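Trainee: Starting off with a structure, shown below.
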Amino acid sequence: MRPRALFLWASILLTPMPLLSQEQQIPAPPPPPPSSQFVPEGMPVPGSGTPLTLQQAEAIALKNNPQITIGKLQYLVSRQNVRETRAALLPSAYLSVTGVGATTNARVLAGALNNPTVFDRAAVGVTVNQLITDFGRTTNLVSSSEFEAKAQDKWALANTSDIILAVDQTFFNAVETKALVTVAQETVRARQTFVDKIQALTNAKLKSDLDLSFASVDLARGKLLLLEAVNNYDAALNTLSAMLGYKDKQNFDPVEEINEATPPAPDVNTLVMQAMLQRPEIQALQDQVSGAEKFSNAEHDLKKPSISAIGVAGYAPARANQLLSDHYGAVGVNINIPIFNGFYFDARAKTADLQTNINRQKLSDTRNNIARDVRNAWQDSRRAFERLSVTQQLRQQANLALNLAQARYNLGLGSIVEFTQAELQKTAADIEDTDAKYQYRLTQIVLAFTMSAPK
């Protein structure tokens with residue numbers, strides 16, 4: 001009897017849904033429908049859209065996402081601010097055309113201390129102004145604006161990194177929800193097959209209606225799981241389309257490149273140092289501190305004199321001939337020495353000094369926060385990597401438990417409750433294992449972002 005018993009158990013374990021000899025007379029149930037028929041009408045079917053890789057998604061976002069365009073435009077604005085500030089170091093010239101008709105012996109007598117004479121004339125002339133020196137104020141202002149432009153460039157890069165991170169997270173969320181749809185479809189297919197068999201056995205009076213009811217409830221749970229998975233996949237496609245710069249949902253089919261999971265770096269301190277050197281936020285704040293220091297120096301320079309030159313030349317074809325020449329020209333130098341303005345310059349210099357200290361504190365705070373983010377991301381990545389092996393073991397054990405529960409049920413040694421519980425545990429294990437794979441990939445992306453390292 002022992003060889004026969006061993007053969008019986010081997011047949012049970014090797015056959016997905018074995019039937020007893022009495023059940024062999026029951027007509028075989030129809031084959032299960034394809035996976036696409038388990039997706040509700042109007043919902044996206046995984047695998048039916050336009051294939052989209054992670055690199056393609058990032059390229060589309062770089063081209064279409066408005067936030068990235070805004071960052072680039074803000075940098076271009078900052079470059080024009082540099083040109084605007086530097087203009088004070090260059091000569092300025094303007095053309096004047098003047099025509100005056102005056103009464104005889106007219107003078108301006110009211111509204112000012114002077115009383116210049118006004119003559120009939122028509123003239124055209126050029127005036128040129130040139131700053132000779134303001135003892136470093138304008139130069140410091142130019143340097144400050146240049147540092148601000150560099151900082152804006154780094155902020156645009158940081159903004160781009162934020163968008164790419166969001167695109168990557170949205171992409172892998174869509175890939176994960178797509179995989180969960182597949183898990184739900186396989187669950188519904190397996191449970192539908194089981195219900196069909198129990199229905200045939202119940203019709204043949206070989207199984208009770210109670211078994212059919214439990215199997216039907218299990219099938220309904222699987223369909224609810226599928227509905228939720230498909231809805232999440234649809235929402236993920238909506239979010240992904242918006243992140244890529246589309247106003248309407250695109251029928252993408254996100255495709256992941258299969259890569260072997262590698263453990264995170266063993267030393268987090270090295271990653272923190274790498275982040276301190278590479279993060280664009282830190283570089284931007286360093287430039288802002290330098291720009292604030294230059295601006296502070298410029299505000300202190302307000303108390304220094306400024307020296308400028310002015311030159312004029314022109315021609316007057318119509319004039320009072322007895323009093324005016326038909327041409328004119330003059331050159332002069334002006335020295336402006338501040339004496340007192342109600343401590344206005346002192347207040348501006350103090351404000352600039354305080355703003356410099358504020359920027360330094362922002363830089364220090366950002367460094368602390370980035371170091372914290374790197375350590376947290378590294379810890380999350382380690383935990384997610386360790387979770388991979390645990391969920392794989394859980395899935396294997398759940399599959400084994402389901403096979404044993406199925407064998408016991410077929411032999412009449414177990415109840416339908418035991419079998420459905422094993423099915424629920426297998427479905428939960430499948431979901432956990434699928435989630436673990438993509439969660440680890442997401443933690444890798446976040447860790448790379450916190451260091452500004454290539455993914």
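Every chain in the structure tokens takes a letter, A first, then B, and so on in the order presented; its residues are numbered from 1, and the ligands are numbered from 1 following the presented order.
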Residues within 12 Å of Leu323 of chain A, please, as a ChimeraX atom specification. Count only C-alpha atoms; anything in the same chain fewer than 4 positions from it doesn't count.
Mentor: /A:105,117-121,318-319
Trainee: Write out as a CSV table (one decimal) with C-alpha atoms, in the first residue's frame all residues of segment 30-188 of chain A that DSSP puts in helix (DSSP H, G or I) for this structure's backbone.
Mentor:
```csv
chain,number,residue,atom,x,y,z
A,35,SER,CA,-6.8,38.3,-19.4
A,36,SER,CA,-8.3,41.2,-21.3
A,37,GLN,CA,-11.8,40.0,-20.6
A,38,PHE,CA,-11.3,40.4,-16.9
A,54,LEU,CA,11.6,55.2,-18.3
A,55,GLN,CA,14.2,57.0,-20.5
A,56,GLN,CA,11.4,58.0,-23.0
A,57,ALA,CA,9.3,59.3,-20.1
A,58,GLU,CA,12.1,61.5,-18.8
A,59,ALA,CA,12.8,62.8,-22.3
A,60,ILE,CA,9.2,63.8,-22.9
A,61,ALA,CA,9.0,65.5,-19.5
A,62,LEU,CA,12.1,67.5,-20.2
A,63,LYS,CA,10.6,68.7,-23.4
A,64,ASN,CA,6.9,69.2,-22.4
A,66,PRO,CA,5.8,73.5,-18.0
A,67,GLN,CA,7.7,73.6,-14.7
A,68,ILE,CA,11.0,72.8,-16.4
A,69,THR,CA,10.3,75.5,-19.0
A,70,ILE,CA,9.6,78.0,-16.2
A,71,GLY,CA,13.0,77.2,-14.5
A,72,LYS,CA,14.8,77.8,-17.8
A,73,LEU,CA,13.0,81.1,-18.4
A,74,GLN,CA,13.8,82.3,-14.9
A,75,TYR,CA,17.5,81.7,-15.5
A,76,LEU,CA,17.3,83.7,-18.7
A,77,VAL,CA,15.7,86.6,-16.8
A,78,SER,CA,18.5,86.5,-14.3
A,79,ARG,CA,21.1,86.8,-17.1
A,80,GLN,CA,19.3,89.9,-18.3
A,81,ASN,CA,19.5,91.4,-14.8
A,82,VAL,CA,23.3,91.0,-15.1
A,83,ARG,CA,23.3,93.0,-18.3
A,84,GLU,CA,21.1,95.6,-16.7
A,85,THR,CA,23.5,96.0,-13.7
A,86,ARG,CA,26.6,96.0,-15.9
A,87,ALA,CA,25.2,98.8,-18.0
A,88,ALA,CA,26.1,101.3,-15.3
A,89,LEU,CA,29.8,100.7,-16.1
A,137,ARG,CA,29.9,99.8,-5.7
A,138,THR,CA,28.9,99.1,-9.3
A,139,THR,CA,31.5,96.4,-9.6
A,140,ASN,CA,30.1,94.7,-6.5
A,141,LEU,CA,26.6,95.0,-7.8
A,142,VAL,CA,27.6,93.3,-11.1
A,143,SER,CA,29.3,90.5,-9.2
A,144,SER,CA,26.2,90.1,-7.0
A,145,SER,CA,23.9,89.8,-10.0
A,146,GLU,CA,26.3,87.3,-11.6
A,147,PHE,CA,26.2,85.1,-8.5
A,148,GLU,CA,22.4,85.4,-8.5
A,149,ALA,CA,22.3,84.2,-12.1
A,150,LYS,CA,24.5,81.3,-11.2
A,151,ALA,CA,22.2,80.5,-8.3
A,152,GLN,CA,19.1,80.7,-10.6
A,153,ASP,CA,20.8,78.2,-13.0
A,154,LYS,CA,21.3,75.8,-10.1
A,155,TRP,CA,17.7,76.3,-8.9
A,156,ALA,CA,16.6,75.5,-12.5
A,157,LEU,CA,18.7,72.3,-12.3
A,158,ALA,CA,17.2,71.5,-8.9
A,159,ASN,CA,13.7,72.1,-10.3
A,160,THR,CA,14.5,69.8,-13.2
A,161,SER,CA,15.7,67.1,-10.8
A,162,ASP,CA,12.5,67.4,-8.8
A,163,ILE,CA,10.4,66.9,-11.9
A,164,ILE,CA,12.4,64.0,-13.1
A,165,LEU,CA,12.1,62.4,-9.6
A,166,ALA,CA,8.4,62.9,-9.8
A,167,VAL,CA,8.2,61.4,-13.3
A,168,ASP,CA,10.3,58.4,-12.2
A,169,GLN,CA,8.1,57.8,-9.1
A,170,THR,CA,4.9,58.2,-11.2
A,171,PHE,CA,6.3,55.9,-13.9
A,172,PHE,CA,7.1,53.1,-11.4
A,173,ASN,CA,3.8,53.6,-9.7
A,174,ALA,CA,2.2,52.9,-13.1
A,175,VAL,CA,4.4,49.9,-13.7
A,176,GLU,CA,3.6,48.5,-10.2
A,177,THR,CA,-0.2,49.0,-10.6
A,178,LYS,CA,0.1,47.4,-14.0
A,179,ALA,CA,1.8,44.4,-12.4
A,180,LEU,CA,-0.9,44.3,-9.7
A,181,VAL,CA,-3.5,44.2,-12.4
A,182,THR,CA,-1.8,41.1,-13.8
A,183,VAL,CA,-1.8,39.5,-10.4
A,184,ALA,CA,-5.5,40.3,-10.0
A,185,GLN,CA,-6.2,38.9,-13.4
A,186,GLU,CA,-4.4,35.7,-12.6
A,187,THR,CA,-6.3,35.5,-9.3
A,188,VAL,CA,-9.7,35.9,-11.0
```
Trainee: Suppose you want the space between atom CA of Gln444 of chain A and atom CA of Ala371 of chain A; what is it in Å?
Mentor: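 Straight-line distance from atom CA of Gln444 of chain A to atom CA of Ala371 of chain A works out to 16.3 Å.
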Trainee: Report as a PyMOL selection string all protein, DNA and RNA residues lying within 8 Å of Gly329 of chain A, evaluated on only C-alpha atoms, omitting residues in the same chain fewer than 2 positions from it.
Mentor: chain A and resi 311-314+327+331
Trainee: Enumerate as an NGL selection string all residues of segment 21-264 of chain A assigned to strand (DSSP E) by DSSP on the backbone, naming them with the chain letters and numbers the document uses.
Mentor: :A and (50-52 or 92-100 or 106-107 or 117-118 or 121-133 or 252-254)
Trainee: Would you save the residues from that selection as an mmCIF file, in the first residue's frame, using C-alpha atoms?
Mentor:
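Output (out-v5.cif):
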```
data_model
loop_
_atom_site.group_PDB
_atom_site.id
_atom_site.type_symbol
_atom_site.label_atom_id
_atom_site.label_comp_id
_atom_site.auth_asym_id
_atom_site.auth_seq_id
_atom_site.Cartn_x
_atom_site.Cartn_y
_atom_site.Cartn_z
ATOM 1 C CA THR A 50 1.961 52.617 -26.621
ATOM 2 C CA PRO A 51 5.119 51.181 -25.027
ATOM 3 C CA LEU A 52 6.905 53.734 -22.860
ATOM 4 C CA SER A 92 25.384 106.254 -22.021
ATOM 5 C CA ALA A 93 24.502 108.622 -24.858
ATOM 6 C CA TYR A 94 21.290 110.245 -25.942
ATOM 7 C CA LEU A 95 20.235 112.583 -28.726
ATOM 8 C CA SER A 96 18.301 115.752 -27.995
ATOM 9 C CA VAL A 97 16.265 117.858 -30.417
ATOM 10 C CA THR A 98 15.004 121.129 -28.986
ATOM 11 C CA GLY A 99 12.950 123.994 -30.396
ATOM 12 C CA VAL A 100 12.047 127.050 -28.333
ATOM 13 C CA ALA A 106 12.579 136.317 -21.536
ATOM 14 C CA ARG A 107 13.908 134.846 -18.286
ATOM 15 C CA THR A 117 17.669 133.422 -20.099
ATOM 16 C CA VAL A 118 15.478 131.800 -22.734
ATOM 17 C CA ARG A 121 16.366 128.528 -31.073
ATOM 18 C CA ALA A 122 16.162 125.171 -32.796
ATOM 19 C CA ALA A 123 19.042 122.781 -32.078
ATOM 20 C CA VAL A 124 20.128 119.196 -32.095
ATOM 21 C CA GLY A 125 22.830 117.731 -29.816
ATOM 22 C CA VAL A 126 24.325 114.666 -28.212
ATOM 23 C CA THR A 127 24.991 114.090 -24.520
ATOM 24 C CA VAL A 128 27.362 111.385 -23.269
ATOM 25 C CA ASN A 129 27.684 110.269 -19.628
ATOM 26 C CA GLN A 130 30.419 107.981 -18.307
ATOM 27 C CA LEU A 131 30.965 106.754 -14.776
ATOM 28 C CA ILE A 132 34.629 107.108 -13.933
ATOM 29 C CA THR A 133 34.538 105.412 -10.528
ATOM 30 C CA PHE A 252 0.775 54.460 -22.466
ATOM 31 C CA ASP A 253 2.020 50.995 -21.642
ATOM 32 C CA PRO A 254 4.908 51.592 -19.199
#
```
Trainee: Can you work out which one of A:Pro266, A:Gly245, A:Gly342, A:Pro280 has the shortest atom-to-atom distance to Phe449 of chain A, counting only C-alpha atoms?
Mentor: A:Pro280
Trainee: Between A:Ala204, A:Ala215, A:Ile258, A:Leu277, single out the one closest to Ile416 of chain A, counting only C-alpha atoms.
Mentor: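 Answer, going by the shortest atom-to-atom distance: A:Ala215.
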Trainee: So that I can check the surroundings of Leu212 of chain A, please list as a list of chain:residue names every protein, DNA and RNA residue that reaches within 9 Å of it, counting only C-alpha atoms and ignoring chain neighbours fewer than 5 positions away.
Mentor: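 Skipping anything fewer than 5 positions along the chain leaves A:Val195, A:Ile198, A:Gln199, A:Thr202, A:Lys207, A:Val217, A:Ile416.
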